[in-house]
Amino acid sequence: MARKIQIVIAGGGAAGLELATRLGAHFGRRHFDIILVEKNRTHIWKPLLHEVATGSLDANLDEVGYRSHGFAWGYRFFYGALDGIDRDNREVLIAPILDEDGREIMGRHRIRYDYLVVAVGSVTNDFGTPGAAEHCNIHNSQSRHCPWCSIGTAGSVGIYAAILAVQALVAFGWRGIALWPRAIFTLLAFPLSGAILALFTGAAKDYWR
Ligand SMILES: Cc1cc2nc3c(=O)[nH]c(=O)nc-3n(C[C@H](O)[C@H](O)[C@H](O)COP(=O)(O)OP(=O)(O)OC[C@H]3O[C@@H](n4cnc5c(N)ncnc54)[C@H](O)[C@@H]3O)c2cc1C
């Protein structure tokens, strides 16, 4: 059987995913092996990241799983990070895959290509601003942005309910003091209890590491 033409696309973002989908839909699997190499298992449309960050969008509901998408659209998904290109042998090098504890679960890998498209996106420029690289959460990937991001809709609703409960307790349960200081404390209760819950959520999610 004739060897299939192998098209490797590294990076399944706006460009890579679109390309893999179109090539798969156009050529199918008969003569071509279209392989999408991506370091995440799911894709989320980047312009939506600020909505994820503010909790108005649950990333888990909106993201596209590459494996099932590839199955439907005629390309193959390979989970892993492009680590280098061996142009002499026309192969891409895929970094070892590690589990959450840093143990290697799949060794370094090579994938042959006839055609290679590198679509790994860009890195945000912090213009060398001192401290920016260490302390900024740059909204350019699916990585953790803030404690709220990773808790999902149910978690967000739970936290807002808890904050409102604290506020209601201060407003209606604290009748021993005059109205105007109680009103000020009631207003302060919202941001303060929110900040405290964010600290605890962050700690529980190992966000502050
Ligand atoms: C918050 C935000 C809002 C935006 N809003 C808009 C907007 O409103 N309108 C607009 O036109 N544009 C917007 N953009 C810009 C737009 O999202 C980008 O221009 C576009 O995503 C670039 O596409 P890309 O395929 O080049 O890279 P990306 O979409 O970044 O895709 C790169 C992919 O490569 C993967 N990858 C990276 N390194 C490796 C590796 N070593 N191995 C394997 N995979 C790898 C990444 O995980 C990612 O999936 C926005 C961007 C951001 C961050």
# chains A, B, ... in the order shown; residues from 1 in each chain; ligands from 1
call {"tool": "residues_near_ligand", "arguments": {"ligand": "ligand 1", "cutoff": "7 Å", "atoms": "only C-alpha atoms and all ligand atoms", "output": "PyMOL selection string"}}
result
chain A and resi 10-16+37-40+43+45-50+80-83+119-122+139-141
call {"tool": "select_by_dssp", "arguments": {"residues": "stretch 68-194 of chain A", "states": "helix (DSSP H, G or I)", "output": "NGL selection string"}}
result
:A and (68-73 or 132-135 or 149-173 or 179-194)
call {"tool": "write_last_selection", "arguments": {"atoms": "N, CA and C atoms", "output": "compact mmCIF listing (two decimals), in the first residue's frame"}}
result
# COMPACT_ATOMS: atom_id res chain seq x y z
N SER A 68 -11.82 14.30 19.72
CA SER A 68 -13.12 14.02 19.09
C SER A 68 -13.32 14.90 17.86
N HIS A 69 -12.80 16.13 17.92
CA HIS A 69 -12.93 17.03 16.78
C HIS A 69 -12.17 16.45 15.59
N GLY A 70 -10.96 15.95 15.87
CA GLY A 70 -10.15 15.36 14.80
C GLY A 70 -10.81 14.14 14.20
N PHE A 71 -11.44 13.34 15.07
CA PHE A 71 -12.13 12.14 14.58
C PHE A 71 -13.23 12.54 13.59
N ALA A 72 -13.94 13.61 13.95
CA ALA A 72 -15.07 14.04 13.10
C ALA A 72 -14.59 14.72 11.81
N TRP A 73 -13.42 15.36 11.85
CA TRP A 73 -13.00 16.19 10.72
C TRP A 73 -11.83 15.61 9.91
N ALA A 132 7.52 41.97 35.59
CA ALA A 132 6.34 41.58 34.81
C ALA A 132 6.30 40.07 34.58
N ALA A 133 7.44 39.51 34.18
CA ALA A 133 7.46 38.07 33.86
C ALA A 133 7.12 37.23 35.08
N GLU A 134 7.60 37.66 36.27
CA GLU A 134 7.40 36.86 37.49
C GLU A 134 5.98 37.03 38.05
N HIS A 135 5.43 38.24 37.92
CA HIS A 135 4.21 38.53 38.69
C HIS A 135 2.93 38.71 37.87
N CYS A 149 -10.88 31.43 37.73
CA CYS A 149 -10.95 30.84 36.39
C CYS A 149 -11.27 29.35 36.39
N SER A 150 -10.64 28.65 37.32
CA SER A 150 -10.67 27.20 37.21
C SER A 150 -11.77 26.55 38.04
N ILE A 151 -12.69 27.35 38.57
CA ILE A 151 -13.68 26.71 39.45
C ILE A 151 -15.00 26.42 38.75
N GLY A 152 -15.16 26.90 37.53
CA GLY A 152 -16.37 26.58 36.77
C GLY A 152 -17.59 27.36 37.24
N THR A 153 -18.70 27.19 36.50
CA THR A 153 -19.91 27.96 36.80
C THR A 153 -20.47 27.64 38.18
N ALA A 154 -20.54 26.35 38.50
CA ALA A 154 -21.11 25.95 39.80
C ALA A 154 -20.28 26.55 40.93
N GLY A 155 -18.97 26.50 40.78
CA GLY A 155 -18.08 27.06 41.80
C GLY A 155 -18.29 28.56 41.95
N SER A 156 -18.40 29.26 40.79
CA SER A 156 -18.59 30.73 40.83
C SER A 156 -19.90 31.06 41.54
N VAL A 157 -20.96 30.34 41.18
CA VAL A 157 -22.28 30.60 41.80
C VAL A 157 -22.19 30.37 43.30
N GLY A 158 -21.51 29.30 43.70
CA GLY A 158 -21.36 28.98 45.12
C GLY A 158 -20.64 30.10 45.86
N ILE A 159 -19.57 30.60 45.23
CA ILE A 159 -18.79 31.65 45.89
C ILE A 159 -19.58 32.95 45.99
N TYR A 160 -20.29 33.32 44.91
CA TYR A 160 -21.10 34.54 44.98
C TYR A 160 -22.20 34.40 46.03
N ALA A 161 -22.77 33.20 46.13
CA ALA A 161 -23.81 32.98 47.14
C ALA A 161 -23.22 33.16 48.53
N ALA A 162 -21.99 32.64 48.73
CA ALA A 162 -21.35 32.76 50.04
C ALA A 162 -21.06 34.23 50.37
N ILE A 163 -20.60 35.00 49.36
CA ILE A 163 -20.30 36.42 49.58
C ILE A 163 -21.59 37.17 49.93
N LEU A 164 -22.67 36.89 49.19
CA LEU A 164 -23.94 37.57 49.47
C LEU A 164 -24.48 37.20 50.85
N ALA A 165 -24.23 35.93 51.23
CA ALA A 165 -24.70 35.48 52.56
C ALA A 165 -23.97 36.27 53.65
N VAL A 166 -22.65 36.47 53.46
CA VAL A 166 -21.88 37.24 54.46
C VAL A 166 -22.44 38.67 54.52
N GLN A 167 -22.71 39.24 53.33
CA GLN A 167 -23.21 40.61 53.26
C GLN A 167 -24.58 40.73 53.96
N ALA A 168 -25.43 39.74 53.70
CA ALA A 168 -26.77 39.76 54.31
C ALA A 168 -26.68 39.63 55.82
N LEU A 169 -25.74 38.80 56.26
CA LEU A 169 -25.54 38.59 57.70
C LEU A 169 -25.14 39.90 58.38
N VAL A 170 -24.22 40.62 57.72
CA VAL A 170 -23.76 41.90 58.29
C VAL A 170 -24.93 42.90 58.29
N ALA A 171 -25.69 42.93 57.19
CA ALA A 171 -26.75 43.93 57.04
C ALA A 171 -27.91 43.69 58.00
N PHE A 172 -28.33 42.42 58.12
CA PHE A 172 -29.56 42.16 58.89
C PHE A 172 -29.30 41.51 60.25
N GLY A 173 -28.12 40.92 60.39
CA GLY A 173 -27.89 40.19 61.63
C GLY A 173 -27.22 41.04 62.69
N LEU A 179 -27.43 52.65 62.12
CA LEU A 179 -27.69 52.30 60.72
C LEU A 179 -26.52 52.64 59.78
N TRP A 180 -25.97 53.87 59.92
CA TRP A 180 -24.98 54.27 58.91
C TRP A 180 -23.67 53.47 59.01
N PRO A 181 -23.11 53.17 60.27
CA PRO A 181 -21.91 52.31 60.24
C PRO A 181 -22.24 50.91 59.73
N ARG A 182 -23.47 50.45 60.02
CA ARG A 182 -23.87 49.12 59.52
C ARG A 182 -23.90 49.12 57.99
N ALA A 183 -24.39 50.26 57.41
CA ALA A 183 -24.44 50.36 55.94
C ALA A 183 -23.02 50.31 55.36
N ILE A 184 -22.08 51.00 56.03
CA ILE A 184 -20.69 51.00 55.53
C ILE A 184 -20.11 49.59 55.63
N PHE A 185 -20.32 48.93 56.78
CA PHE A 185 -19.80 47.56 56.94
C PHE A 185 -20.44 46.61 55.91
N THR A 186 -21.72 46.84 55.63
CA THR A 186 -22.40 45.99 54.64
C THR A 186 -21.75 46.12 53.27
N LEU A 187 -21.44 47.39 52.92
CA LEU A 187 -20.78 47.61 51.62
C LEU A 187 -19.38 46.99 51.61
N LEU A 188 -18.67 47.14 52.74
CA LEU A 188 -17.30 46.59 52.80
C LEU A 188 -17.30 45.06 52.80
N ALA A 189 -18.40 44.48 53.31
CA ALA A 189 -18.45 43.01 53.45
C ALA A 189 -18.30 42.32 52.10
N PHE A 190 -18.82 42.96 51.04
CA PHE A 190 -18.77 42.30 49.73
C PHE A 190 -17.34 42.13 49.22
N PRO A 191 -16.55 43.26 49.07
CA PRO A 191 -15.18 43.05 48.59
C PRO A 191 -14.30 42.28 49.56
N LEU A 192 -14.52 42.51 50.87
CA LEU A 192 -13.64 41.83 51.84
C LEU A 192 -13.86 40.32 51.85
N SER A 193 -15.15 39.92 51.91
CA SER A 193 -15.41 38.48 51.93
C SER A 193 -15.01 37.86 50.59
N GLY A 194 -15.17 38.64 49.49
CA GLY A 194 -14.73 38.14 48.16
C GLY A 194 -13.24 37.90 48.14
call {"tool": "atom_distance", "arguments": {"atom1": "atom CA of A:Phe200", "atom2": "atom CA of A:Ile177"}}
result
29.4 Å
call {"tool": "closest_residue", "arguments": {"among": "A:Phe127, A:Tyr66, A:Tyr79, A:Trp174", "to": "A:Glu18", "atoms": "only C-alpha atoms"}}
result
A:Tyr66
call {"tool": "closest_residue", "arguments": {"among": "A:Ala2, A:Leu197, A:Glu91, A:Gly55", "to": "A:Tyr115", "atoms": "only C-alpha atoms"}}
result
A:Glu91
call {"tool": "atom_distance", "arguments": {"atom1": "atom CA of A:Phe78", "atom2": "atom CA of A:Ile111"}}
result
9.7 Å
call {"tool": "atom_distance", "arguments": {"atom1": "atom CA of A:His109", "atom2": "atom CA of A:Leu93"}}
result
5.8 Å
call {"tool": "select_by_dssp", "arguments": {"residues": "stretch 34-161 of chain A", "states": "strand (DSSP E)", "output": "ChimeraX atom specification"}}
result
/A:34-38,42-43,64-65,76-79,82-86,91-94,97-98,104-106,109-112,115-118
call {"tool": "write_last_selection", "arguments": {"atoms": "C-alpha atoms", "output": "mmCIF file, in the first residue's frame"}}
result
data_model
loop_
_atom_site.group_PDB
_atom_site.id
_atom_site.type_symbol
_atom_site.label_atom_id
_atom_site.label_comp_id
_atom_site.auth_asym_id
_atom_site.auth_seq_id
_atom_site.Cartn_x
_atom_site.Cartn_y
_atom_site.Cartn_z
ATOM 1 C CA ILE A 34 -3.006 14.973 8.791
ATOM 2 C CA ILE A 35 -1.586 15.174 12.295
ATOM 3 C CA LEU A 36 -2.216 18.037 14.675
ATOM 4 C CA VAL A 37 0.395 18.267 17.446
ATOM 5 C CA GLU A 38 -0.805 20.361 20.361
ATOM 6 C CA THR A 42 -8.628 21.134 24.308
ATOM 7 C CA HIS A 43 -8.908 24.361 22.379
ATOM 8 C CA VAL A 64 -13.299 21.943 21.884
ATOM 9 C CA GLY A 65 -11.698 18.560 22.559
ATOM 10 C CA ARG A 76 -5.290 12.877 13.883
ATOM 11 C CA PHE A 77 -4.540 14.554 17.189
ATOM 12 C CA PHE A 78 -1.183 14.036 18.863
ATOM 13 C CA TYR A 79 -0.967 15.353 22.411
ATOM 14 C CA LEU A 82 6.877 20.492 19.772
ATOM 15 C CA ASP A 83 10.435 20.489 21.072
ATOM 16 C CA GLY A 84 12.515 20.717 17.911
ATOM 17 C CA ILE A 85 12.663 20.020 14.199
ATOM 18 C CA ASP A 86 15.079 17.604 12.558
ATOM 19 C CA GLU A 91 10.890 14.757 11.615
ATOM 20 C CA VAL A 92 9.490 16.818 14.468
ATOM 21 C CA LEU A 93 10.611 16.138 18.026
ATOM 22 C CA ILE A 94 7.955 15.941 20.712
ATOM 23 C CA ILE A 97 4.954 13.928 28.490
ATOM 24 C CA LEU A 98 4.945 14.232 32.273
ATOM 25 C CA GLU A 104 7.559 10.838 32.655
ATOM 26 C CA ILE A 105 4.601 8.918 31.228
ATOM 27 C CA MET A 106 5.686 9.012 27.597
ATOM 28 C CA HIS A 109 8.890 11.099 20.417
ATOM 29 C CA ARG A 110 9.553 11.709 16.720
ATOM 30 C CA ILE A 111 6.949 12.151 13.989
ATOM 31 C CA ARG A 112 7.820 12.036 10.319
ATOM 32 C CA TYR A 115 4.839 18.840 4.985
ATOM 33 C CA LEU A 116 5.200 20.751 8.218
ATOM 34 C CA VAL A 117 3.229 23.768 9.369
ATOM 35 C CA VAL A 118 4.412 25.493 12.534
#
call {"tool": "decode", "arguments": {"residues": "stretch 104-182 of chain A", "atoms": "C-alpha atoms", "output": "tab-separated table (two decimals), in the first residue's frame"}}
result
chain	number	residue	atom	x	y	z
A	104	GLU	CA	7.56	10.84	32.66
A	105	ILE	CA	4.60	8.92	31.23
A	106	MET	CA	5.69	9.01	27.60
A	107	GLY	CA	9.22	9.46	26.38
A	108	ARG	CA	10.55	11.81	23.71
A	109	HIS	CA	8.89	11.10	20.42
A	110	ARG	CA	9.55	11.71	16.72
A	111	ILE	CA	6.95	12.15	13.99
A	112	ARG	CA	7.82	12.04	10.32
A	113	TYR	CA	6.47	14.73	8.04
A	114	ASP	CA	6.24	15.41	4.33
A	115	TYR	CA	4.84	18.84	4.99
A	116	LEU	CA	5.20	20.75	8.22
A	117	VAL	CA	3.23	23.77	9.37
A	118	VAL	CA	4.41	25.49	12.53
A	119	ALA	CA	1.53	27.43	14.09
A	120	VAL	CA	2.55	27.67	17.72
A	121	GLY	CA	1.40	31.29	18.15
A	122	SER	CA	3.26	34.06	19.86
A	123	VAL	CA	4.55	35.10	23.26
A	124	THR	CA	3.31	38.32	24.81
A	125	ASN	CA	6.00	40.99	24.94
A	126	ASP	CA	6.48	42.42	28.42
A	127	PHE	CA	9.12	44.82	27.03
A	128	GLY	CA	11.51	43.71	29.76
A	129	THR	CA	9.47	45.51	32.43
A	130	PRO	CA	11.06	44.50	35.76
A	131	GLY	CA	8.85	42.03	37.65
A	132	ALA	CA	6.34	41.58	34.81
A	133	ALA	CA	7.46	38.07	33.86
A	134	GLU	CA	7.40	36.86	37.49
A	135	HIS	CA	4.21	38.53	38.69
A	136	CYS	CA	1.82	39.03	35.76
A	137	ASN	CA	-0.83	36.54	34.74
A	138	ILE	CA	-0.83	37.15	31.01
A	139	HIS	CA	-4.07	36.16	29.33
A	140	ASN	CA	-2.59	34.36	26.39
A	141	SER	CA	-3.20	30.72	27.10
A	142	GLN	CA	-5.39	28.26	28.93
A	143	SER	CA	-3.12	28.29	31.94
A	144	ARG	CA	-4.45	29.49	35.27
A	145	HIS	CA	-5.24	33.21	35.27
A	146	CYS	CA	-6.81	33.71	38.63
A	147	PRO	CA	-8.40	31.55	41.32
A	148	TRP	CA	-11.88	32.12	39.85
A	149	CYS	CA	-10.95	30.84	36.39
A	150	SER	CA	-10.67	27.20	37.21
A	151	ILE	CA	-13.68	26.71	39.45
A	152	GLY	CA	-16.37	26.58	36.77
A	153	THR	CA	-19.91	27.96	36.80
A	154	ALA	CA	-21.11	25.95	39.80
A	155	GLY	CA	-18.08	27.06	41.80
A	156	SER	CA	-18.59	30.73	40.83
A	157	VAL	CA	-22.28	30.60	41.80
A	158	GLY	CA	-21.36	28.98	45.12
A	159	ILE	CA	-18.79	31.65	45.89
A	160	TYR	CA	-21.10	34.54	44.98
A	161	ALA	CA	-23.81	32.98	47.14
A	162	ALA	CA	-21.35	32.76	50.04
A	163	ILE	CA	-20.30	36.42	49.58
A	164	LEU	CA	-23.94	37.57	49.47
A	165	ALA	CA	-24.70	35.48	52.56
A	166	VAL	CA	-21.88	37.24	54.46
A	167	GLN	CA	-23.21	40.61	53.26
A	168	ALA	CA	-26.77	39.76	54.31
A	169	LEU	CA	-25.54	38.59	57.70
A	170	VAL	CA	-23.76	41.90	58.29
A	171	ALA	CA	-26.75	43.93	57.04
A	172	PHE	CA	-29.56	42.16	58.89
A	173	GLY	CA	-27.89	40.19	61.63
A	174	TRP	CA	-25.87	42.99	63.22
A	175	ARG	CA	-28.63	45.09	64.73
A	176	GLY	CA	-26.65	46.28	67.78
A	177	ILE	CA	-25.06	49.23	65.95
A	178	ALA	CA	-26.43	52.36	64.26
A	179	LEU	CA	-27.69	52.30	60.72
A	180	TRP	CA	-24.98	54.27	58.91
A	181	PRO	CA	-21.91	52.31	60.24
A	182	ARG	CA	-23.87	49.12	59.52
